[in-house]
file model_25.tsv (TSV, C-alpha atoms)
chain	number	residue	atom	x	y	z
A	17	MET	CA	65.77	137.95	-57.01
A	18	THR	CA	68.33	138.18	-59.79
A	19	LYS	CA	67.33	139.83	-63.03
A	20	ARG	CA	68.71	138.55	-66.29
A	21	SER	CA	69.90	141.03	-68.89
A	22	ALA	CA	69.39	141.05	-72.62
A	23	GLN	CA	72.30	140.57	-75.01
A	24	PRO	CA	75.11	143.12	-74.63
A	25	HIS	CA	75.53	146.07	-76.91
A	26	PRO	CA	77.35	145.10	-80.17
A	27	ARG	CA	80.26	147.38	-79.27
A	28	ASP	CA	81.24	145.23	-76.29
A	29	ALA	CA	79.59	141.89	-77.08
A	30	THR	CA	82.87	140.23	-78.05
A	31	ARG	CA	85.04	141.24	-75.10
A	32	PRO	CA	84.69	141.08	-71.32
A	33	ARG	CA	83.33	144.18	-69.65
A	34	THR	CA	85.55	146.10	-67.29
A	35	ARG	CA	84.46	146.90	-63.75
A	36	ILE	CA	83.76	150.49	-64.81
A	37	GLN	CA	81.70	149.35	-67.79
A	38	LYS	CA	79.63	147.06	-65.59
A	39	ARG	CA	79.14	149.83	-63.06
A	40	ASN	CA	78.08	152.36	-65.71
A	41	ARG	CA	75.64	149.95	-67.33
A	42	GLU	CA	74.11	149.28	-63.91
A	43	LEU	CA	73.91	153.03	-63.26
A	44	ILE	CA	72.17	153.59	-66.59
A	45	LEU	CA	69.67	150.76	-66.09
A	46	GLY	CA	68.93	151.89	-62.53
A	47	ALA	CA	68.41	155.47	-63.68
A	48	ALA	CA	66.25	154.35	-66.59
A	49	LEU	CA	64.14	152.27	-64.23
A	50	GLU	CA	63.45	155.36	-62.14
A	51	VAL	CA	62.72	157.60	-65.13
A	52	PHE	CA	60.55	155.11	-67.03
A	53	SER	CA	58.55	154.28	-63.90
A	54	LYS	CA	57.81	157.99	-63.32
A	55	HIS	CA	57.27	159.20	-66.87
A	56	GLY	CA	56.50	156.12	-68.95
A	57	TYR	CA	58.38	155.22	-72.10
A	58	ARG	CA	56.99	158.07	-74.17
A	59	GLY	CA	57.61	160.71	-71.53
A	60	ALA	CA	61.13	159.59	-70.70
A	61	THR	CA	64.16	161.13	-72.42
A	62	LEU	CA	67.83	160.24	-72.69
A	63	ASP	CA	68.66	163.55	-71.04
A	64	GLN	CA	66.59	162.57	-68.00
A	65	ILE	CA	68.20	159.15	-67.83
A	66	SER	CA	71.76	160.47	-68.16
A	67	SER	CA	71.08	163.11	-65.51
A	68	GLU	CA	69.62	160.53	-63.13
A	69	ALA	CA	72.63	158.27	-63.73
A	70	GLY	CA	75.10	161.08	-63.19
A	71	LEU	CA	76.67	160.46	-66.60
A	72	SER	CA	77.00	162.65	-69.65
A	73	LYS	CA	74.67	161.92	-72.55
A	74	PRO	CA	77.60	160.98	-74.86
A	75	ASN	CA	78.81	158.56	-72.18
A	76	LEU	CA	75.35	156.99	-71.97
A	77	LEU	CA	75.22	156.66	-75.76
A	78	TYR	CA	78.51	154.75	-75.66
A	79	TYR	CA	76.70	151.95	-73.84
A	80	TYR	CA	73.22	152.22	-75.38
A	81	PRO	CA	72.53	153.74	-78.80
A	82	SER	CA	68.96	154.80	-77.98
A	83	LYS	CA	66.22	155.07	-75.39
A	84	GLU	CA	64.60	152.06	-77.04
A	85	ALA	CA	67.70	149.92	-76.47
A	86	ILE	CA	67.71	150.74	-72.75
A	87	HIS	CA	63.98	150.09	-72.47
A	88	ARG	CA	64.30	146.78	-74.31
A	89	GLU	CA	67.05	145.52	-72.01
A	90	LEU	CA	65.10	146.52	-68.92
A	91	LEU	CA	61.92	144.83	-70.12
A	92	HIS	CA	63.57	141.56	-71.02
A	93	GLY	CA	65.26	141.44	-67.64
A	94	LEU	CA	61.97	142.25	-65.91
A	95	LEU	CA	60.07	139.59	-67.83
A	96	GLU	CA	62.54	136.97	-66.66
A	97	THR	CA	62.11	138.21	-63.09
A	98	TRP	CA	58.32	137.89	-63.35
A	99	LEU	CA	58.57	134.37	-64.79
A	100	ASP	CA	61.02	133.00	-62.22
A	101	PRO	CA	58.37	132.27	-59.54
A	102	LEU	CA	56.20	130.37	-62.02
A	103	ARG	CA	59.20	128.40	-63.22
A	104	ALA	CA	60.00	127.60	-59.58
A	105	MET	CA	56.69	125.83	-59.04
A	106	ASP	CA	57.37	122.17	-58.28
A	107	HIS	CA	55.01	120.17	-60.51
A	108	GLY	CA	55.65	117.13	-58.33
A	109	GLY	CA	54.92	118.95	-55.08
A	110	GLU	CA	51.82	119.32	-52.95
A	111	PRO	CA	49.37	121.25	-55.20
A	112	LEU	CA	47.89	123.68	-52.68
A	113	ASP	CA	51.29	124.45	-51.13
A	114	GLU	CA	52.86	125.09	-54.54
A	115	ILE	CA	50.13	127.48	-55.66
A	116	LEU	CA	50.02	129.37	-52.37
A	117	GLU	CA	53.79	129.72	-52.43
A	118	TYR	CA	53.55	131.08	-55.97
A	119	VAL	CA	51.00	133.64	-54.76
A	120	GLN	CA	53.37	134.75	-52.00
A	121	ARG	CA	56.33	134.99	-54.38
A	122	LYS	CA	54.29	137.20	-56.70
A	123	LEU	CA	53.22	139.39	-53.81
A	124	GLN	CA	56.85	139.73	-52.74
A	125	LEU	CA	57.74	140.89	-56.26
A	126	ALA	CA	55.01	143.53	-56.04
A	127	ARG	CA	56.45	144.69	-52.71
A	128	ASP	CA	60.12	144.62	-53.71
A	129	TYR	CA	59.91	145.72	-57.36
A	130	PRO	CA	57.08	148.28	-57.67
A	131	ARG	CA	58.86	150.40	-60.28
A	132	GLU	CA	59.59	147.36	-62.41
A	133	SER	CA	55.96	146.29	-62.20
A	134	ARG	CA	54.76	149.70	-63.37
A	135	ILE	CA	57.15	149.68	-66.33
A	136	PHE	CA	55.90	146.23	-67.28
A	137	ALA	CA	52.26	147.29	-66.92
A	138	ASN	CA	52.86	150.37	-69.05
A	139	GLU	CA	54.41	148.21	-71.77
A	140	ILE	CA	51.29	146.02	-71.77
A	141	LEU	CA	48.98	149.03	-71.89
A	142	GLN	CA	50.86	150.28	-74.96
A	143	GLY	CA	50.20	146.97	-76.75
A	144	ALA	CA	53.48	145.27	-75.72
A	145	PRO	CA	55.44	146.55	-78.77
A	146	THR	CA	58.75	145.34	-77.33
A	147	ILE	CA	57.89	142.05	-75.64
A	148	LEU	CA	54.83	140.73	-77.51
A	149	PRO	CA	56.88	137.90	-79.11
A	150	ASP	CA	58.00	136.85	-75.60
A	151	LEU	CA	54.41	136.89	-74.34
A	152	GLU	CA	53.19	134.82	-77.26
A	153	GLY	CA	56.19	132.48	-77.05
A	154	ASP	CA	57.93	131.73	-73.76
A	155	LEU	CA	55.21	133.09	-71.47
A	156	LYS	CA	52.38	131.27	-73.22
A	157	ALA	CA	54.34	128.01	-73.25
A	158	LEU	CA	55.10	128.32	-69.54
A	159	VAL	CA	51.49	129.11	-68.67
A	160	ASP	CA	50.28	126.22	-70.83
A	161	ARG	CA	52.60	123.78	-69.04
A	162	THR	CA	51.59	125.07	-65.62
A	163	ALA	CA	47.89	124.98	-66.51
A	164	ALA	CA	48.25	121.37	-67.65
A	165	THR	CA	49.80	120.48	-64.30
A	166	ILE	CA	47.00	122.25	-62.41
A	167	GLU	CA	44.41	120.47	-64.55
A	168	GLY	CA	46.06	117.17	-63.64
A	169	TRP	CA	45.89	118.05	-59.94
A	170	ILE	CA	42.19	118.90	-60.32
A	171	ALA	CA	41.46	115.68	-62.19
A	172	ALA	CA	43.14	113.73	-59.37
A	173	GLY	CA	40.89	115.44	-56.81
A	174	ARG	CA	43.80	117.31	-55.22
A	175	LEU	CA	42.40	120.77	-55.99
A	176	ALA	CA	38.90	122.19	-56.35
A	177	ARG	CA	37.62	122.71	-59.88
A	178	VAL	CA	38.82	126.04	-61.34
A	179	ASP	CA	39.91	127.22	-64.76
A	180	PRO	CA	43.72	126.85	-64.55
A	181	VAL	CA	44.62	129.69	-66.91
A	182	HIS	CA	42.20	132.11	-65.28
A	183	LEU	CA	43.52	131.05	-61.88
A	184	ILE	CA	46.95	132.23	-63.01
A	185	PHE	CA	45.42	135.48	-64.34
A	186	SER	CA	43.73	136.01	-60.97
A	187	ILE	CA	47.00	135.54	-59.12
A	188	TRP	CA	48.70	138.08	-61.36
A	189	ALA	CA	45.85	140.59	-60.94
A	190	LEU	CA	45.58	140.25	-57.16
A	191	THR	CA	49.30	140.54	-56.51
A	192	GLN	CA	50.55	143.05	-59.09
A	193	HIS	CA	47.72	145.41	-58.15
A	194	TYR	CA	49.65	146.30	-54.99
A	195	ALA	CA	52.54	147.61	-57.09
A	196	ASP	CA	50.71	149.13	-60.04
A	197	PHE	CA	48.17	150.96	-57.84
A	198	ASP	CA	50.49	151.56	-54.90
A	199	ILE	CA	49.40	155.16	-54.28
A	200	GLN	CA	45.71	154.22	-54.30
A	201	VAL	CA	46.29	151.18	-52.07
A	202	ARG	CA	48.24	153.17	-49.49
A	203	ALA	CA	45.79	156.09	-49.57
A	204	VAL	CA	42.81	153.83	-48.90
A	205	ASN	CA	44.85	151.88	-46.35
A	206	GLY	CA	45.57	155.02	-44.36
A	207	GLY	CA	49.17	155.27	-45.54
A	208	THR	CA	50.22	152.08	-43.77
A	209	ASP	CA	52.09	149.17	-45.35
A	210	PRO	CA	49.44	146.87	-46.86
A	211	PHE	CA	51.59	143.81	-47.50
A	212	ALA	CA	51.36	141.96	-44.18
A	213	ARG	CA	47.57	141.90	-44.31
A	214	ALA	CA	47.59	141.28	-48.05
A	215	GLU	CA	49.65	138.13	-47.55
A	216	GLN	CA	47.19	136.75	-45.03
A	217	HIS	CA	44.18	137.76	-47.12
A	218	LEU	CA	45.44	136.18	-50.33
A	219	ASP	CA	46.43	132.98	-48.54
A	220	THR	CA	42.90	132.70	-47.12
A	221	LEU	CA	41.25	133.58	-50.43
A	222	PHE	CA	43.13	131.07	-52.58
A	223	ARG	CA	43.16	128.37	-49.90
A	224	ARG	CA	39.37	128.48	-49.65
A	225	MET	CA	38.99	128.58	-53.41
A	226	LEU	CA	41.29	125.65	-54.13
A	227	THR	CA	40.76	123.25	-51.20
A	228	PRO	CA	38.69	120.28	-52.48
A	229	GLY	CA	35.24	120.09	-50.94
call {"tool": "encode", "arguments": {"input": "model_25.tsv", "output": "structure tokens"}}
result
Amino acid sequence: MTKRSAQPHPRDATRPRTRIQKRNRELILGAALEVFSKHGYRGATLDQISSEAGLSKPNLLYYYPSKEAIHRELLHGLLETWLDPLRAMDHGGEPLDEILEYVQRKLQLARDYPRESRIFANEILQGAPTILPDLEGDLKALVDRTAATIEGWIAAGRLARVDPVHLIFSIWALTQHYADFDIQVRAVNGGTDPFARAEQHLDTLFRRMLTPG
């Protein structure tokens, strides 16, 4: 799944980036992802990020003026990644199929982007200082639209009666848990990959919950 980036640094916003500039920015963001996911925002340092990226600190500061700037770009890209599956829901499709496919997409994100999920969770636990406006704006609007569609499906007898917003919360909780609590999940699961059984379990759970009686 493609992540979208925030606006480019003012130093290079008005001219195309060279191949080396693109590569270095990708190196920095990849390194920051690793460092932030291990140490959190407060525990991470520019020295750690530059070392992980294999770049000098002055070179890193050429592309990003601060740790906050790197963190902000990562978070905005991650938020777009998290929202893509909800945006992909076909409001004219078969209700149960669309919701179950959304559940599976979210579980795939937890499997494929565990570090990103932990950075996002840490931002929320800190009070969302960077992305609160996005949560109150774009995310709320998207959830409201989706909830209205689900409510319409329920009213038409195509889904069982549930609270649409809390259904979405439940999907987030039951899928992102596998990324945010990965060590606990794997320890309790005997160290084996939990995702194959998780996919089947969540399909059964939501199918039974949402199938009209």
call {"tool": "atom_distance", "arguments": {"input": "model_25.tsv", "atom1": "atom CA of A:Lys54", "atom2": "atom CA of A:Leu141"}}
result
15.2 Å
call {"tool": "closest_residue", "arguments": {"input": "model_25.tsv", "among": "A:Lys83, A:Arg131, A:His92, A:His107", "to": "A:Asp198", "atoms": "all atoms listed in the file"}}
result
A:Arg131
call {"tool": "closest_atom_pairs", "arguments": {"input": "model_25.tsv", "of": "stretch 195-221 of chain A", "to": "stretch 122-130 of chain A", "cutoff": "9 Å", "atoms": "all atoms listed in the file", "output": "Markdown table"}}
result
| residue | atom | partner | partner_atom | distance |
| --- | --- | --- | --- | --- |
| A:Ala195 | CA | A:Pro130 | CA | 4.6 |
| A:Asp196 | CA | A:Pro130 | CA | 6.8 |
| A:Asp198 | CA | A:Pro130 | CA | 7.9 |
| A:Phe211 | CA | A:Arg127 | CA | 7.2 |
| A:Ala214 | CA | A:Leu123 | CA | 8.3 |
| A:Glu215 | CA | A:Leu123 | CA | 7.3 |
call {"tool": "atom_distance", "arguments": {"input": "model_25.tsv", "atom1": "atom CA of A:Arg121", "atom2": "atom CA of A:His182"}}
result
18.1 Å
call {"tool": "residues_around", "arguments": {"input": "model_25.tsv", "residues": "A:Leu45", "least_positions_apart": "6", "cutoff": "9 Å", "atoms": "all atoms listed in the file", "output": "list of chain:residue names"}}
result
A:Ile65, A:Ala69, A:Ile86, A:His87, A:Glu89, A:Leu90
call {"tool": "residues_around", "arguments": {"input": "model_25.tsv", "residues": "A:Asp113", "least_positions_apart": "4", "cutoff": "12 Å", "atoms": "all atoms listed in the file", "output": "NGL selection string"}}
result
:A and (105-109 or 117-120 or 174-175 or 219 or 222-223 or 226-227)
call {"tool": "closest_residue", "arguments": {"input": "model_25.tsv", "among": "A:Ser53, A:Thr208, A:Ser72, A:Thr191", "to": "A:Trp98", "atoms": "all atoms listed in the file"}}
result
A:Thr191
call {"tool": "atom_distance", "arguments": {"input": "model_25.tsv", "atom1": "atom CA of A:Leu76", "atom2": "atom CA of A:Gln37"}}
result
10.8 Å
call {"tool": "residues_around", "arguments": {"input": "model_25.tsv", "residues": "A:Glu139", "least_positions_apart": "3", "cutoff": "12 Å", "atoms": "only C-alpha atoms", "output": "PyMOL selection string"}}
result
chain A and resi 52-53+56-58+87-88+90-92+94-95+132-136+142-148+151
call {"tool": "closest_residue", "arguments": {"input": "model_25.tsv", "among": "A:Pro210, A:Leu77, A:Pro149, A:Glu167", "to": "A:His193", "atoms": "all atoms listed in the file"}}
result
A:Pro210
call {"tool": "residues_around", "arguments": {"input": "model_25.tsv", "residues": "A:Asp179", "least_positions_apart": "2", "cutoff": "10 Å", "atoms": "only C-alpha atoms", "output": "PyMOL selection string"}}
result
chain A and resi 163+166-167+170+176-177+181-185
call {"tool": "decode", "arguments": {"input": "model_25.tsv", "residues": "stretch 188-224 of chain A", "atoms": "C-alpha atoms", "output": "PDB file, in the first residue's frame"}}
result
ATOM      1  CA  TRP A 188      -9.809  -0.896  14.606  1.00  0.00           C
ATOM      2  CA  ALA A 189      -9.320  -2.435  18.060  1.00  0.00           C
ATOM      3  CA  LEU A 190      -9.489  -6.056  16.923  1.00  0.00           C
ATOM      4  CA  THR A 191      -7.103  -5.619  14.004  1.00  0.00           C
ATOM      5  CA  GLN A 192      -4.518  -3.108  15.226  1.00  0.00           C
ATOM      6  CA  HIS A 193      -4.100  -5.108  18.438  1.00  0.00           C
ATOM      7  CA  TYR A 194      -2.058  -7.641  16.462  1.00  0.00           C
ATOM      8  CA  ALA A 195       0.497  -4.964  15.601  1.00  0.00           C
ATOM      9  CA  ASP A 196       0.513  -2.880  18.775  1.00  0.00           C
ATOM     10  CA  PHE A 197       0.741  -5.934  21.066  1.00  0.00           C
ATOM     11  CA  ASP A 198       2.746  -8.114  18.701  1.00  0.00           C
ATOM     12  CA  ILE A 199       5.142  -9.450  21.352  1.00  0.00           C
ATOM     13  CA  GLN A 200       2.287 -10.406  23.683  1.00  0.00           C
ATOM     14  CA  VAL A 201       0.275 -11.982  20.863  1.00  0.00           C
ATOM     15  CA  ARG A 202       3.196 -14.097  19.660  1.00  0.00           C
ATOM     16  CA  ALA A 203       4.211 -15.094  23.200  1.00  0.00           C
ATOM     17  CA  VAL A 204       0.721 -16.330  24.041  1.00  0.00           C
ATOM     18  CA  ASN A 205       0.436 -17.919  20.596  1.00  0.00           C
ATOM     19  CA  GLY A 206       3.572 -19.964  21.165  1.00  0.00           C
ATOM     20  CA  GLY A 207       5.723 -17.821  18.889  1.00  0.00           C
ATOM     21  CA  THR A 208       3.809 -18.805  15.756  1.00  0.00           C
ATOM     22  CA  ASP A 209       2.354 -16.418  13.188  1.00  0.00           C
ATOM     23  CA  PRO A 210      -1.137 -15.480  14.426  1.00  0.00           C
ATOM     24  CA  PHE A 211      -2.491 -13.886  11.268  1.00  0.00           C
ATOM     25  CA  ALA A 212      -3.911 -16.874   9.398  1.00  0.00           C
ATOM     26  CA  ARG A 213      -6.106 -17.861  12.328  1.00  0.00           C
ATOM     27  CA  ALA A 214      -6.867 -14.230  13.118  1.00  0.00           C
ATOM     28  CA  GLU A 215      -8.260 -13.719   9.629  1.00  0.00           C
ATOM     29  CA  GLN A 216     -10.612 -16.668   9.984  1.00  0.00           C
ATOM     30  CA  HIS A 217     -11.620 -15.695  13.518  1.00  0.00           C
ATOM     31  CA  LEU A 218     -12.441 -12.090  12.659  1.00  0.00           C
ATOM     32  CA  ASP A 219     -14.392 -13.115   9.568  1.00  0.00           C
ATOM     33  CA  THR A 220     -16.508 -15.467  11.703  1.00  0.00           C
ATOM     34  CA  LEU A 221     -16.940 -12.914  14.482  1.00  0.00           C
ATOM     35  CA  PHE A 222     -18.107 -10.025  12.305  1.00  0.00           C
ATOM     36  CA  ARG A 223     -20.114 -12.230   9.955  1.00  0.00           C
ATOM     37  CA  ARG A 224     -22.145 -13.598  12.869  1.00  0.00           C
TER      38      ARG A 224
END
